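**Student:** Could you have a look at this structure, given as structure tokens, before my questions?
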Amino acid sequence: MSLFTKIQSTVVYPWTVFRKKMPLFSYITGRLFTMVFLLYVLGFALFGLMELAPGDIVDQMISQQIMAQSEGGRGVRKGGTTQDQGFTADQEKLLREELGLDKPFYVQYGSWLKRVVIHHDLGTSLISRAPVSFLIRSRIGNSVVYSLISLFFVTTFSFALGVYFSSKAGTKTDVAVSFVGLFFLAFPSMLLLILMQLFASVTGIFPVTAYPDFPMSDGFFRFCASYVHHIALPLLGGFLCSVGSTMRMIRSTMLDQIGMPYIMALRARGISERRVYFNHAFRNTVNPYITGSANLLASIFSGNLIFEIIFAYPGIGRLTYEAITQQDVNIVLADTMFISALVLVGMVVSDILLAVFDPRIRYGAES
């Protein structure tokens, strides 16, 4: 046996024993190591893409100063130099050195990783100079609250309607509901939200924004009542666009399960239809939903970008969009890495839940 083979067997043997003793835990450990590697590659790619984008944050600052001077009646002369615009070439160079933009993107990424991993500091916004962690904390709560409310209504009604109409398959009501669900599923969500905002503007029944114009400190119950009034219309739009796909998935899966031989055997034994539906068929219906909800955790924390932009909702999605347009790399990277980590964690959680709900699935076990 060669020296390389001995070293390889010595290194691999503990992991092999670990997999045999604790297969599920070894599977989770392997997925966590893979997650760290993917996040590292993703961050490297993001820094590279931001480097390829035309201009940088200093150019954004110069543009903003030019616009401010124009609004103040001190417009820049046509063909004016950088000195006329308030920034000299030396000032631009010093500012890029201060922000670290004069270094290659891989050096910037290494500095960012060192600051985050060792000092637990996400840095400061290059535009507002506020800490990135503060900006994320101030927005993420709003996105979580709205996403949880939307998720509750969509999931509850989707499961209820899907199970109910699976028992009414082929009826006129089932056909009508399926047509309505397909219509809103195919209808562009952005256009629907714009039409709802137009409806709110014309009728005045609902506000055109989705967030109260006063803080919670002015009165908790008053703020909650105003918040519900503000999000009612966009919540309805999001519900109409989302309920169709989940309802159709639950309905089709229930119909597949109802036709299985084990369902016929349960009915032949005289078991009630209610128990057949909810104790047996419904349990197997959950598996596709768990598999498809791997990114559910990320969607709760990442917010709804289109909704937040149209209805001026102060969420994390709108913060990321504004940071991308302004090339604020610290906010973009922090938000993207956080959301990507949640996607990967959600995939691991969904795999574990599949093993819990379906005893046929065993990770890491020998066949």
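FYI, nothing fancy with the structure tokens labels: chains A, B, ... in order, residues from 1 per chain, ligands from 1 as they appear.
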Tell me which protein, DNA and RNA residues are within 9 Å of Ser133 in chain A, counting only C-alpha atoms, leaving out same-chain ones fewer than 5 positions away, and put them as a compact mmCIF listing (two decimals) with N, CA and C atoms, in the first residue's frame.
**Tutor:**
```txt
# COMPACT_ATOMS: atom_id res chain seq x y z
N ASP A 121 -18.55 42.52 11.88
CA ASP A 121 -18.97 43.85 11.47
C ASP A 121 -19.31 43.82 9.98
N LEU A 122 -20.55 44.17 9.63
CA LEU A 122 -20.98 44.20 8.24
C LEU A 122 -20.55 45.47 7.51
N GLY A 123 -19.89 46.38 8.21
CA GLY A 123 -19.44 47.60 7.58
C GLY A 123 -20.49 48.70 7.64
N THR A 124 -20.22 49.77 6.92
CA THR A 124 -21.13 50.91 6.87
C THR A 124 -21.58 51.15 5.43
N SER A 138 -33.51 47.68 10.83
CA SER A 138 -34.63 48.61 10.76
C SER A 138 -35.65 48.23 9.69
N ILE A 331 -24.08 46.98 1.46
CA ILE A 331 -25.47 46.58 1.70
C ILE A 331 -25.86 45.45 0.76
N ALA A 334 -24.20 42.18 1.98
CA ALA A 334 -24.76 41.69 3.23
C ALA A 334 -26.15 41.11 3.02
```
**Student:** Quick one: residues within 12 Å of Phe37 in chain A, only C-alpha atoms counted, chain neighbours fewer than 6 positions away excluded, as a list in words?
**Tutor:**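 Everything that qualifies: Gly30, Arg31, Gly43, Phe44, Ala341 and Leu344 of chain A.
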**Student:** Got time to write the residues from that selection, N, CA and C atoms, as a PDB file, in the first residue's frame?
**Tutor:**
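Output below, filename result.pdb:
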```
ATOM      1  N   GLY A  30     -22.299  17.565   6.304  1.00  0.00           N
ATOM      2  CA  GLY A  30     -21.816  17.719   4.936  1.00  0.00           C
ATOM      3  C   GLY A  30     -22.502  18.858   4.205  1.00  0.00           C
ATOM      4  N   ARG A  31     -23.813  18.998   4.429  1.00  0.00           N
ATOM      5  CA  ARG A  31     -24.537  20.100   3.782  1.00  0.00           C
ATOM      6  C   ARG A  31     -24.075  21.454   4.313  1.00  0.00           C
ATOM      7  N   GLY A  43     -20.125  35.141  -2.763  1.00  0.00           N
ATOM      8  CA  GLY A  43     -19.586  36.454  -2.416  1.00  0.00           C
ATOM      9  C   GLY A  43     -18.499  36.895  -3.369  1.00  0.00           C
ATOM     10  N   PHE A  44     -17.634  35.974  -3.764  1.00  0.00           N
ATOM     11  CA  PHE A  44     -16.578  36.287  -4.738  1.00  0.00           C
ATOM     12  C   PHE A  44     -17.186  36.723  -6.065  1.00  0.00           C
ATOM     13  N   ALA A 341     -27.885  32.452   2.362  1.00  0.00           N
ATOM     14  CA  ALA A 341     -27.719  31.528   3.490  1.00  0.00           C
ATOM     15  C   ALA A 341     -29.063  30.977   3.937  1.00  0.00           C
ATOM     16  N   LEU A 344     -30.175  28.222   1.509  1.00  0.00           N
ATOM     17  CA  LEU A 344     -29.475  26.965   1.750  1.00  0.00           C
ATOM     18  C   LEU A 344     -29.945  26.300   3.035  1.00  0.00           C
TER      19      LEU A 344
END
```
**Student:** I'd like the contact shell of Ser245 in chain A - 12 Å cut-off, only C-alpha atoms, skipping same-chain residues fewer than 5 positions apart - returned as a list in words.
**Tutor:**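 My reading of the contact set: Val154, Thr155, Phe157, Ser158, Phe159, Leu161, Gly162, Ser178, Phe179, Val180, Gly181, Leu182, Phe183, Phe184, Leu185, Ala186, Phe239, Leu240, Ile250, Arg251, Ser252, Tyr289 and Gly292 of chain A.
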**Student:** Need the shell around Tyr227 in chain A: protein/DNA/RNA residues with any atom at most 10 Å away, counting only C-alpha atoms. Skip same-chain ones fewer than 6 positions apart. Format as a list in words?
**Tutor:**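 In the requested form, the answer reads Tyr146, Ala210, Tyr211, Pro212, Asp213, Met216 and Phe221 of chain A.
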**Student:** Keeping all heavy atoms for every residue in the selection just given, could you write it to a file as a PDB file, in the first residue's frame?
**Tutor:**
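Okay, part_15.pdb is ready:
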```pdb
ATOM      1  N   TYR A 146     -44.995  41.278   7.303  1.00  0.00           N
ATOM      2  CA  TYR A 146     -45.857  41.183   6.123  1.00  0.00           C
ATOM      3  C   TYR A 146     -45.797  39.789   5.502  1.00  0.00           C
ATOM      4  O   TYR A 146     -46.835  39.225   5.103  1.00  0.00           O
ATOM      5  CB  TYR A 146     -45.445  42.228   5.090  1.00  0.00           C
ATOM      6  CG  TYR A 146     -46.237  42.137   3.802  1.00  0.00           C
ATOM      7  CD1 TYR A 146     -47.497  42.711   3.699  1.00  0.00           C
ATOM      8  CD2 TYR A 146     -45.734  41.449   2.695  1.00  0.00           C
ATOM      9  CE1 TYR A 146     -48.232  42.617   2.528  1.00  0.00           C
ATOM     10  CE2 TYR A 146     -46.463  41.347   1.528  1.00  0.00           C
ATOM     11  CZ  TYR A 146     -47.708  41.930   1.452  1.00  0.00           C
ATOM     12  OH  TYR A 146     -48.434  41.823   0.296  1.00  0.00           O
ATOM     13  N   ALA A 210     -48.356  51.337   1.777  1.00  0.00           N
ATOM     14  CA  ALA A 210     -48.628  50.147   2.583  1.00  0.00           C
ATOM     15  C   ALA A 210     -48.047  50.243   3.985  1.00  0.00           C
ATOM     16  O   ALA A 210     -47.885  49.219   4.658  1.00  0.00           O
ATOM     17  CB  ALA A 210     -48.074  48.906   1.877  1.00  0.00           C
ATOM     18  N   TYR A 211     -47.760  51.455   4.441  1.00  0.00           N
ATOM     19  CA  TYR A 211     -47.194  51.588   5.786  1.00  0.00           C
ATOM     20  C   TYR A 211     -47.716  52.873   6.419  1.00  0.00           C
ATOM     21  O   TYR A 211     -47.823  53.903   5.746  1.00  0.00           O
ATOM     22  CB  TYR A 211     -45.665  51.626   5.729  1.00  0.00           C
ATOM     23  CG  TYR A 211     -45.001  51.299   7.045  1.00  0.00           C
ATOM     24  CD1 TYR A 211     -44.879  49.975   7.466  1.00  0.00           C
ATOM     25  CD2 TYR A 211     -44.499  52.303   7.863  1.00  0.00           C
ATOM     26  CE1 TYR A 211     -44.275  49.664   8.667  1.00  0.00           C
ATOM     27  CE2 TYR A 211     -43.885  52.002   9.071  1.00  0.00           C
ATOM     28  CZ  TYR A 211     -43.770  50.678   9.475  1.00  0.00           C
ATOM     29  OH  TYR A 211     -43.169  50.372  10.663  1.00  0.00           O
ATOM     30  N   PRO A 212     -48.074  52.829   7.695  1.00  0.00           N
ATOM     31  CA  PRO A 212     -48.599  54.037   8.361  1.00  0.00           C
ATOM     32  C   PRO A 212     -47.598  55.175   8.348  1.00  0.00           C
ATOM     33  O   PRO A 212     -46.374  54.959   8.324  1.00  0.00           O
ATOM     34  CB  PRO A 212     -48.884  53.551   9.789  1.00  0.00           C
ATOM     35  CG  PRO A 212     -49.021  52.072   9.679  1.00  0.00           C
ATOM     36  CD  PRO A 212     -48.095  51.651   8.574  1.00  0.00           C
ATOM     37  N   ASP A 213     -48.116  56.393   8.388  1.00  0.00           N
ATOM     38  CA  ASP A 213     -47.256  57.581   8.343  1.00  0.00           C
ATOM     39  C   ASP A 213     -46.924  58.105   9.730  1.00  0.00           C
ATOM     40  O   ASP A 213     -46.528  59.265   9.873  1.00  0.00           O
ATOM     41  CB  ASP A 213     -47.929  58.684   7.515  1.00  0.00           C
ATOM     42  CG  ASP A 213     -49.322  59.018   8.025  1.00  0.00           C
ATOM     43  OD1 ASP A 213     -49.792  58.344   8.971  1.00  0.00           O
ATOM     44  OD2 ASP A 213     -49.952  59.942   7.469  1.00  0.00           O
ATOM     45  N   MET A 216     -44.921  53.642  15.793  1.00  0.00           N
ATOM     46  CA  MET A 216     -45.670  52.809  16.724  1.00  0.00           C
ATOM     47  C   MET A 216     -45.729  53.433  18.116  1.00  0.00           C
ATOM     48  O   MET A 216     -46.637  53.143  18.901  1.00  0.00           O
ATOM     49  CB  MET A 216     -45.036  51.415  16.805  1.00  0.00           C
ATOM     50  CG  MET A 216     -45.856  50.393  17.576  1.00  0.00           C
ATOM     51  SD  MET A 216     -45.042  48.782  17.718  1.00  0.00           S
ATOM     52  CE  MET A 216     -44.954  48.301  15.996  1.00  0.00           C
ATOM     53  N   PHE A 221     -52.056  50.124  19.493  1.00  0.00           N
ATOM     54  CA  PHE A 221     -53.282  49.621  18.871  1.00  0.00           C
ATOM     55  C   PHE A 221     -53.689  50.494  17.681  1.00  0.00           C
ATOM     56  O   PHE A 221     -54.199  49.985  16.675  1.00  0.00           O
ATOM     57  CB  PHE A 221     -54.409  49.559  19.908  1.00  0.00           C
ATOM     58  CG  PHE A 221     -54.170  48.541  20.978  1.00  0.00           C
ATOM     59  CD1 PHE A 221     -53.757  48.926  22.245  1.00  0.00           C
ATOM     60  CD2 PHE A 221     -54.338  47.185  20.720  1.00  0.00           C
ATOM     61  CE1 PHE A 221     -53.521  47.985  23.229  1.00  0.00           C
ATOM     62  CE2 PHE A 221     -54.109  46.238  21.696  1.00  0.00           C
ATOM     63  CZ  PHE A 221     -53.699  46.638  22.963  1.00  0.00           C
TER      64      PHE A 221
END
```
**Student:** Would you list, as a ChimeraX atom specification, the residues of range 7-250 of chain A that end up in alpha helix (DSSP H) under DSSP run on this structure's backbone?
**Tutor:** /A:7-21,23-52,57-71,89-99,105-117,132-166,172-186,189-203,220-250
**Student:** Using only C-alpha atoms, which protein or nucleic acid residues come within 8 Å of range 95-107 of chain A? Drop anything in the same chain fewer than 6 positions from it, and give the result as a list in words.
**Tutor:**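 Skipping anything fewer than 6 positions along the chain leaves Phe44, Phe47, Gly48, Glu51, Val58 and Leu126 of chain A.
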**Student:** Keeping only all heavy atoms, write the selected residues as an mmCIF file, in the first residue's frame.
**Tutor:**
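Ended up saving to out-v3.cif:
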```cif
data_model
loop_
_atom_site.group_PDB
_atom_site.id
_atom_site.type_symbol
_atom_site.label_atom_id
_atom_site.label_comp_id
_atom_site.auth_asym_id
_atom_site.auth_seq_id
_atom_site.Cartn_x
_atom_site.Cartn_y
_atom_site.Cartn_z
ATOM 1 N N PHE A 44 -17.634 35.974 -3.764
ATOM 2 C CA PHE A 44 -16.578 36.287 -4.738
ATOM 3 C C PHE A 44 -17.186 36.723 -6.065
ATOM 4 O O PHE A 44 -16.740 37.707 -6.684
ATOM 5 C CB PHE A 44 -15.683 35.061 -4.918
ATOM 6 C CG PHE A 44 -14.474 35.309 -5.766
ATOM 7 C CD1 PHE A 44 -13.311 35.799 -5.201
ATOM 8 C CD2 PHE A 44 -14.488 35.045 -7.131
ATOM 9 C CE1 PHE A 44 -12.181 36.033 -5.979
ATOM 10 C CE2 PHE A 44 -13.380 35.272 -7.917
ATOM 11 C CZ PHE A 44 -12.220 35.766 -7.338
ATOM 12 N N PHE A 47 -18.760 40.320 -5.795
ATOM 13 C CA PHE A 47 -17.756 41.384 -5.862
ATOM 14 C C PHE A 47 -17.257 41.558 -7.296
ATOM 15 O O PHE A 47 -17.035 42.681 -7.755
ATOM 16 C CB PHE A 47 -16.587 41.056 -4.921
ATOM 17 C CG PHE A 47 -16.653 41.776 -3.610
ATOM 18 C CD1 PHE A 47 -17.275 41.197 -2.534
ATOM 19 C CD2 PHE A 47 -16.115 43.037 -3.463
ATOM 20 C CE1 PHE A 47 -17.346 41.842 -1.318
ATOM 21 C CE2 PHE A 47 -16.170 43.705 -2.259
ATOM 22 C CZ PHE A 47 -16.788 43.103 -1.173
ATOM 23 N N GLY A 48 -17.079 40.438 -8.001
ATOM 24 C CA GLY A 48 -16.637 40.542 -9.384
ATOM 25 C C GLY A 48 -17.663 41.213 -10.275
ATOM 26 O O GLY A 48 -17.323 42.037 -11.125
ATOM 27 N N GLU A 51 -17.732 44.867 -9.694
ATOM 28 C CA GLU A 51 -16.561 45.491 -10.310
ATOM 29 C C GLU A 51 -16.784 45.709 -11.803
ATOM 30 O O GLU A 51 -16.310 46.702 -12.377
ATOM 31 C CB GLU A 51 -15.338 44.602 -10.081
ATOM 32 C CG GLU A 51 -14.043 45.150 -10.646
ATOM 33 C CD GLU A 51 -13.488 46.307 -9.829
ATOM 34 O OE1 GLU A 51 -13.954 46.497 -8.695
ATOM 35 O OE2 GLU A 51 -12.609 47.011 -10.344
ATOM 36 N N VAL A 58 -18.296 56.406 -6.012
ATOM 37 C CA VAL A 58 -17.793 57.789 -6.093
ATOM 38 C C VAL A 58 -18.475 58.517 -7.243
ATOM 39 O O VAL A 58 -18.843 59.697 -7.112
ATOM 40 C CB VAL A 58 -16.260 57.776 -6.262
ATOM 41 C CG1 VAL A 58 -15.740 59.205 -6.430
ATOM 42 C CG2 VAL A 58 -15.599 57.111 -5.069
ATOM 43 N N LEU A 126 -22.005 52.949 2.087
ATOM 44 C CA LEU A 126 -21.148 53.909 1.402
ATOM 45 C C LEU A 126 -21.885 55.194 1.050
ATOM 46 O O LEU A 126 -21.255 56.206 0.747
ATOM 47 C CB LEU A 126 -20.576 53.281 0.131
ATOM 48 C CG LEU A 126 -19.753 51.998 0.320
ATOM 49 C CD1 LEU A 126 -19.240 51.493 -1.023
ATOM 50 C CD2 LEU A 126 -18.600 52.224 1.285
#
```
**Student:** Can you tell me which residues surround Tyr277 in chain A at a distance of at most 10 Å, considering only C-alpha atoms, apart from same-chain residues fewer than 4 positions away, and format the answer as an mmCIF file with all heavy atoms, in the first residue's frame?
**Tutor:**
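Saved as around.cif:
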```cif
data_model
loop_
_atom_site.group_PDB
_atom_site.id
_atom_site.type_symbol
_atom_site.label_atom_id
_atom_site.label_comp_id
_atom_site.auth_asym_id
_atom_site.auth_seq_id
_atom_site.Cartn_x
_atom_site.Cartn_y
_atom_site.Cartn_z
ATOM 1 N N VAL A 163 -57.784 20.681 -0.753
ATOM 2 C CA VAL A 163 -58.372 19.441 -0.225
ATOM 3 C C VAL A 163 -59.858 19.378 -0.543
ATOM 4 O O VAL A 163 -60.391 18.324 -0.923
ATOM 5 C CB VAL A 163 -58.118 19.345 1.289
ATOM 6 C CG1 VAL A 163 -58.870 18.160 1.885
ATOM 7 C CG2 VAL A 163 -56.629 19.221 1.572
ATOM 8 N N TYR A 164 -60.549 20.509 -0.397
ATOM 9 C CA TYR A 164 -62.003 20.502 -0.622
ATOM 10 C C TYR A 164 -62.338 20.199 -2.088
ATOM 11 O O TYR A 164 -63.177 19.339 -2.381
ATOM 12 C CB TYR A 164 -62.597 21.849 -0.217
ATOM 13 C CG TYR A 164 -64.073 21.966 -0.511
ATOM 14 C CD1 TYR A 164 -65.009 21.337 0.290
ATOM 15 C CD2 TYR A 164 -64.528 22.700 -1.612
ATOM 16 C CE1 TYR A 164 -66.377 21.428 0.010
ATOM 17 C CE2 TYR A 164 -65.880 22.800 -1.896
ATOM 18 C CZ TYR A 164 -66.795 22.167 -1.075
ATOM 19 O OH TYR A 164 -68.136 22.260 -1.362
ATOM 20 N N SER A 166 -60.533 18.756 -4.287
ATOM 21 C CA SER A 166 -60.127 17.422 -4.732
ATOM 22 C C SER A 166 -61.265 16.427 -4.556
ATOM 23 O O SER A 166 -61.329 15.413 -5.279
ATOM 24 C CB SER A 166 -58.897 16.959 -3.950
ATOM 25 O OG SER A 166 -59.210 16.783 -2.567
ATOM 26 N N SER A 167 -62.156 16.707 -3.597
ATOM 27 C CA SER A 167 -63.330 15.838 -3.422
ATOM 28 C C SER A 167 -64.482 16.241 -4.339
ATOM 29 O O SER A 167 -65.479 15.530 -4.410
ATOM 30 C CB SER A 167 -63.805 15.892 -1.961
ATOM 31 O OG SER A 167 -64.224 17.201 -1.609
ATOM 32 N N MET A 254 -53.630 15.438 -4.032
ATOM 33 C CA MET A 254 -54.702 14.722 -3.337
ATOM 34 C C MET A 254 -55.413 13.765 -4.286
ATOM 35 O O MET A 254 -55.730 12.617 -3.919
ATOM 36 C CB MET A 254 -55.701 15.710 -2.739
ATOM 37 C CG MET A 254 -55.252 16.366 -1.450
ATOM 38 S SD MET A 254 -55.204 15.226 -0.050
ATOM 39 C CE MET A 254 -56.936 14.870 0.170
ATOM 40 N N GLN A 257 -53.280 10.736 -4.737
ATOM 41 C CA GLN A 257 -53.303 9.866 -3.565
ATOM 42 C C GLN A 257 -54.630 9.116 -3.436
ATOM 43 O O GLN A 257 -54.659 7.949 -3.035
ATOM 44 C CB GLN A 257 -53.044 10.691 -2.294
ATOM 45 C CG GLN A 257 -51.654 11.270 -2.197
ATOM 46 C CD GLN A 257 -50.577 10.206 -2.151
ATOM 47 O OE1 GLN A 257 -50.743 9.171 -1.512
ATOM 48 N NE2 GLN A 257 -49.469 10.460 -2.838
ATOM 49 N N ILE A 258 -55.724 9.789 -3.782
ATOM 50 C CA ILE A 258 -57.040 9.156 -3.662
ATOM 51 C C ILE A 258 -57.145 7.942 -4.588
ATOM 52 O O ILE A 258 -57.853 6.977 -4.297
ATOM 53 C CB ILE A 258 -58.148 10.183 -3.971
ATOM 54 C CG1 ILE A 258 -58.199 11.241 -2.866
ATOM 55 C CG2 ILE A 258 -59.505 9.516 -4.107
ATOM 56 C CD1 ILE A 258 -58.475 10.674 -1.495
ATOM 57 N N ILE A 263 -55.573 3.535 -0.597
ATOM 58 C CA ILE A 263 -56.796 4.260 -0.274
ATOM 59 C C ILE A 263 -58.015 3.359 -0.508
ATOM 60 O O ILE A 263 -58.969 3.341 0.292
ATOM 61 C CB ILE A 263 -56.899 5.550 -1.109
ATOM 62 C CG1 ILE A 263 -55.763 6.498 -0.758
ATOM 63 C CG2 ILE A 263 -58.254 6.229 -0.887
ATOM 64 C CD1 ILE A 263 -55.807 7.046 0.641
ATOM 65 N N SER A 272 -63.854 5.696 7.732
ATOM 66 C CA SER A 272 -64.633 6.853 7.301
ATOM 67 C C SER A 272 -63.854 7.675 6.275
ATOM 68 O O SER A 272 -62.616 7.702 6.276
ATOM 69 C CB SER A 272 -64.994 7.731 8.495
ATOM 70 O OG SER A 272 -63.834 8.277 9.087
ATOM 71 N N GLU A 273 -64.615 8.355 5.406
ATOM 72 C CA GLU A 273 -63.997 9.160 4.361
ATOM 73 C C GLU A 273 -63.171 10.294 4.941
ATOM 74 O O GLU A 273 -62.149 10.689 4.376
ATOM 75 C CB GLU A 273 -65.087 9.712 3.436
ATOM 76 C CG GLU A 273 -64.583 10.195 2.088
ATOM 77 C CD GLU A 273 -64.128 9.049 1.194
ATOM 78 O OE1 GLU A 273 -64.417 7.885 1.513
ATOM 79 O OE2 GLU A 273 -63.486 9.340 0.168
ATOM 80 N N ALA A 281 -54.376 10.290 3.164
ATOM 81 C CA ALA A 281 -54.065 10.950 1.891
ATOM 82 C C ALA A 281 -53.406 12.314 2.112
ATOM 83 O O ALA A 281 -52.430 12.665 1.425
ATOM 84 C CB ALA A 281 -55.340 11.107 1.062
ATOM 85 N N PHE A 282 -53.916 13.079 3.062
ATOM 86 C CA PHE A 282 -53.390 14.432 3.274
ATOM 87 C C PHE A 282 -51.943 14.412 3.748
ATOM 88 O O PHE A 282 -51.148 15.280 3.397
ATOM 89 C CB PHE A 282 -54.268 15.179 4.274
ATOM 90 C CG PHE A 282 -53.813 16.582 4.545
ATOM 91 C CD1 PHE A 282 -53.969 17.567 3.595
ATOM 92 C CD2 PHE A 282 -53.207 16.911 5.743
ATOM 93 C CE1 PHE A 282 -53.544 18.860 3.822
ATOM 94 C CE2 PHE A 282 -52.770 18.194 5.988
ATOM 95 C CZ PHE A 282 -52.949 19.171 5.032
ATOM 96 N N ARG A 283 -51.580 13.418 4.545
ATOM 97 C CA ARG A 283 -50.208 13.347 5.057
ATOM 98 C C ARG A 283 -49.209 13.179 3.917
ATOM 99 O O ARG A 283 -48.136 13.770 3.920
ATOM 100 C CB ARG A 283 -50.083 12.195 6.045
ATOM 101 C CG ARG A 283 -48.699 12.065 6.642
ATOM 102 C CD ARG A 283 -48.626 10.982 7.688
ATOM 103 N NE ARG A 283 -47.284 10.882 8.246
ATOM 104 C CZ ARG A 283 -46.928 10.030 9.191
ATOM 105 N NH1 ARG A 283 -47.844 9.197 9.688
ATOM 106 N NH2 ARG A 283 -45.692 10.001 9.640
#
```
**Student:** As a list in words, please: the residues near Ala53 in chain A (cut-off 12 Å, only C-alpha atoms, same-chain neighbours under 5 positions excluded).
**Tutor:**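 That gives Leu46, Phe47, Gly48, Asp59, Phe105, Ile324, Thr325, Gln326, Gln327, Asp328 and Val329 of chain A.
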**Student:** Rounded to one decimal in Å, what is the spacing between CA of Ile290 in chain A and CA of Met347 in chain A?
**Tutor:**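 Interatomic distance here is 9.5 Å.
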**Student:** If I take CA of Phe311 in chain A and CA of Val208 in chain A, how far is one from the other in Å, to one decimal?
**Tutor:**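 According to the coordinates, CA of Phe311 in chain A and CA of Val208 in chain A are separated by 6.5 Å.
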**Student:** To one decimal place in Å, what is the distance between CA of Ile149 in chain A and CA of Leu236 in chain A?
**Tutor:**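 Separation between CA of Ile149 in chain A and CA of Leu236 in chain A: 11.1 Å.
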**Student:** Using only C-alpha atoms, pick whichever of A:Asp218, A:Gly237, A:Ala355, A:Ala130 has the shortest atom-to-atom distance to Pro188 in chain A.
**Tutor:**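 Comparing A:Asp218, A:Gly237, A:Ala355, A:Ala130 against Pro188 in chain A, the winner is A:Gly237.
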